[in-house]
Amino acid sequence: ETVMAAMMVATLAANAQIYVGGSLGFESSKEHKDADALTSFSIKPEVGYNLSDNFAVGIQLGFSSEEQSKDVTVSKFEIAPYARYTFAKVGAASFFADGGIQFISYGSDAKGSTFGIGVRPGVKFAASEKVDVIAKLGYLGYSKDNDDLGGGSAFGLNIDNTNLELGVFFNF
């Protein structure tokens, strides 16, 4: 039995691929020409494991900081495990949906946390055997703030350019 279990694990590991990558963001903006510039940045590393050609599991971590005024900065730490299902492939492009949960903890000038569950559609373009470019656009899901943030909740579909995430991933 032990030998059989070891052979099954070795077979799974040989057929699976690990991918690592993520996305970076930076913005400097002004409300009007005489206003002070406000900056925001984000870093979202991600690691995943391809279980088959169509199914993967992974986790995305994130940190972001956003100046909302010269006196108010909101920072966030995010952890988001997911399961990815690839439902169509056309040449070098693959279309997928990530379904998962998300936990966000706020710091600096905002305190509290948010929990969410939902689905993000995306497309992966295989630039080479070892490099993929991924775009995730939109979100369908539910989120709930804790009492420190007022206890609000949201449910909805958001597909617009404000919810676009681009990243580069390396396959091993």
# chains A, B, ... in the order shown; residues from 1 in each chain; ligands from 1
>>> residues_around(residues="Ile104 of chain A", least_positions_apart="4", cutoff="6 Å", atoms="only C-alpha atoms", output="VMD selection string")
chain A and resid 77 to 78 113 to 114
>>> residues_around(residues="Gln102 of chain A", least_positions_apart="5", cutoff="10 Å", atoms="only C-alpha atoms", output="PDB file with N, CA, C and O atoms, in the first residue's frame")
ATOM      1  N   ILE A  59      -2.618  30.381  -4.997  1.00  0.00           N
ATOM      2  CA  ILE A  59      -2.872  31.411  -3.991  1.00  0.00           C
ATOM      3  C   ILE A  59      -2.199  32.702  -4.437  1.00  0.00           C
ATOM      4  O   ILE A  59      -1.091  32.682  -4.961  1.00  0.00           O
ATOM      5  N   GLN A  60      -2.912  33.791  -4.252  1.00  0.00           N
ATOM      6  CA  GLN A  60      -2.382  35.117  -4.549  1.00  0.00           C
ATOM      7  C   GLN A  60      -2.295  35.883  -3.238  1.00  0.00           C
ATOM      8  O   GLN A  60      -3.237  35.890  -2.443  1.00  0.00           O
ATOM      9  N   LEU A  61      -1.146  36.483  -3.005  1.00  0.00           N
ATOM     10  CA  LEU A  61      -0.952  37.376  -1.867  1.00  0.00           C
ATOM     11  C   LEU A  61      -0.869  38.783  -2.423  1.00  0.00           C
ATOM     12  O   LEU A  61      -0.457  38.980  -3.565  1.00  0.00           O
ATOM     13  N   GLU A  78      -3.665  41.236   1.421  1.00  0.00           N
ATOM     14  CA  GLU A  78      -4.700  40.365   0.861  1.00  0.00           C
ATOM     15  C   GLU A  78      -4.159  38.953   0.702  1.00  0.00           C
ATOM     16  O   GLU A  78      -3.016  38.751   0.302  1.00  0.00           O
ATOM     17  N   ILE A  79      -4.999  37.969   0.997  1.00  0.00           N
ATOM     18  CA  ILE A  79      -4.684  36.570   0.731  1.00  0.00           C
ATOM     19  C   ILE A  79      -5.897  35.967   0.027  1.00  0.00           C
ATOM     20  O   ILE A  79      -7.029  36.158   0.466  1.00  0.00           O
ATOM     21  N   ALA A  80      -5.641  35.297  -1.118  1.00  0.00           N
ATOM     22  CA  ALA A  80      -6.751  34.827  -1.946  1.00  0.00           C
ATOM     23  C   ALA A  80      -6.425  33.464  -2.570  1.00  0.00           C
ATOM     24  O   ALA A  80      -5.884  33.394  -3.674  1.00  0.00           O
ATOM     25  N   PRO A  81      -6.763  32.363  -1.885  1.00  0.00           N
ATOM     26  CA  PRO A  81      -6.617  31.042  -2.511  1.00  0.00           C
ATOM     27  C   PRO A  81      -7.715  30.829  -3.557  1.00  0.00           C
ATOM     28  O   PRO A  81      -8.819  31.365  -3.423  1.00  0.00           O
ATOM     29  N   TYR A  82      -7.400  30.042  -4.604  1.00  0.00           N
ATOM     30  CA  TYR A  82      -8.373  29.836  -5.676  1.00  0.00           C
ATOM     31  C   TYR A  82      -8.187  28.481  -6.342  1.00  0.00           C
ATOM     32  O   TYR A  82      -7.149  27.841  -6.218  1.00  0.00           O
ATOM     33  N   THR A 114     -12.106  42.530   5.345  1.00  0.00           N
ATOM     34  CA  THR A 114     -13.172  42.164   4.415  1.00  0.00           C
ATOM     35  C   THR A 114     -12.979  40.713   4.012  1.00  0.00           C
ATOM     36  O   THR A 114     -11.853  40.274   3.775  1.00  0.00           O
ATOM     37  N   PHE A 115     -14.077  39.964   3.922  1.00  0.00           N
ATOM     38  CA  PHE A 115     -14.065  38.593   3.441  1.00  0.00           C
ATOM     39  C   PHE A 115     -14.921  38.534   2.186  1.00  0.00           C
ATOM     40  O   PHE A 115     -15.987  39.145   2.132  1.00  0.00           O
ATOM     41  N   GLY A 116     -14.448  37.815   1.169  1.00  0.00           N
ATOM     42  CA  GLY A 116     -15.220  37.704  -0.064  1.00  0.00           C
ATOM     43  C   GLY A 116     -15.115  36.327  -0.672  1.00  0.00           C
ATOM     44  O   GLY A 116     -14.195  35.562  -0.377  1.00  0.00           O
ATOM     45  N   ILE A 117     -16.066  36.019  -1.522  1.00  0.00           N
ATOM     46  CA  ILE A 117     -16.072  34.774  -2.283  1.00  0.00           C
ATOM     47  C   ILE A 117     -16.602  35.099  -3.669  1.00  0.00           C
ATOM     48  O   ILE A 117     -17.564  35.872  -3.805  1.00  0.00           O
ATOM     49  N   GLY A 118     -15.936  34.547  -4.702  1.00  0.00           N
ATOM     50  CA  GLY A 118     -16.391  34.889  -6.039  1.00  0.00           C
ATOM     51  C   GLY A 118     -15.595  34.230  -7.142  1.00  0.00           C
ATOM     52  O   GLY A 118     -14.764  33.349  -6.904  1.00  0.00           O
ATOM     53  N   SER A 143     -18.987  40.118  -0.957  1.00  0.00           N
ATOM     54  CA  SER A 143     -17.998  40.509   0.045  1.00  0.00           C
ATOM     55  C   SER A 143     -18.708  41.105   1.254  1.00  0.00           C
ATOM     56  O   SER A 143     -19.798  41.678   1.133  1.00  0.00           O
TER      57      SER A 143
END
>>> closest_residue(among="A:Ser69, A:Asn163, A:Ser128, A:Ser23", to="Lys44 of chain A", atoms="only C-alpha atoms")
A:Ser23
>>> select_by_dssp(residues="chain A", states="alpha helix (DSSP H)", output="list in words")
Thr2, Val3, Met4, Ala5, Ala6, Met7, Met8, Val9, Ala10, Thr11, Leu12, Ala13, Ala14 and Asn15 of chain A
>>> residues_around(residues="Gly48 of chain A", least_positions_apart="4", cutoff="6 Å", atoms="only C-alpha atoms", output="number ranges by chain")
A: 18-19, 57-58
>>> closest_residue(among="A:Ala126, A:Ala110, A:Leu140, A:Val168", to="Val74 of chain A", atoms="only C-alpha atoms")
A:Ala110
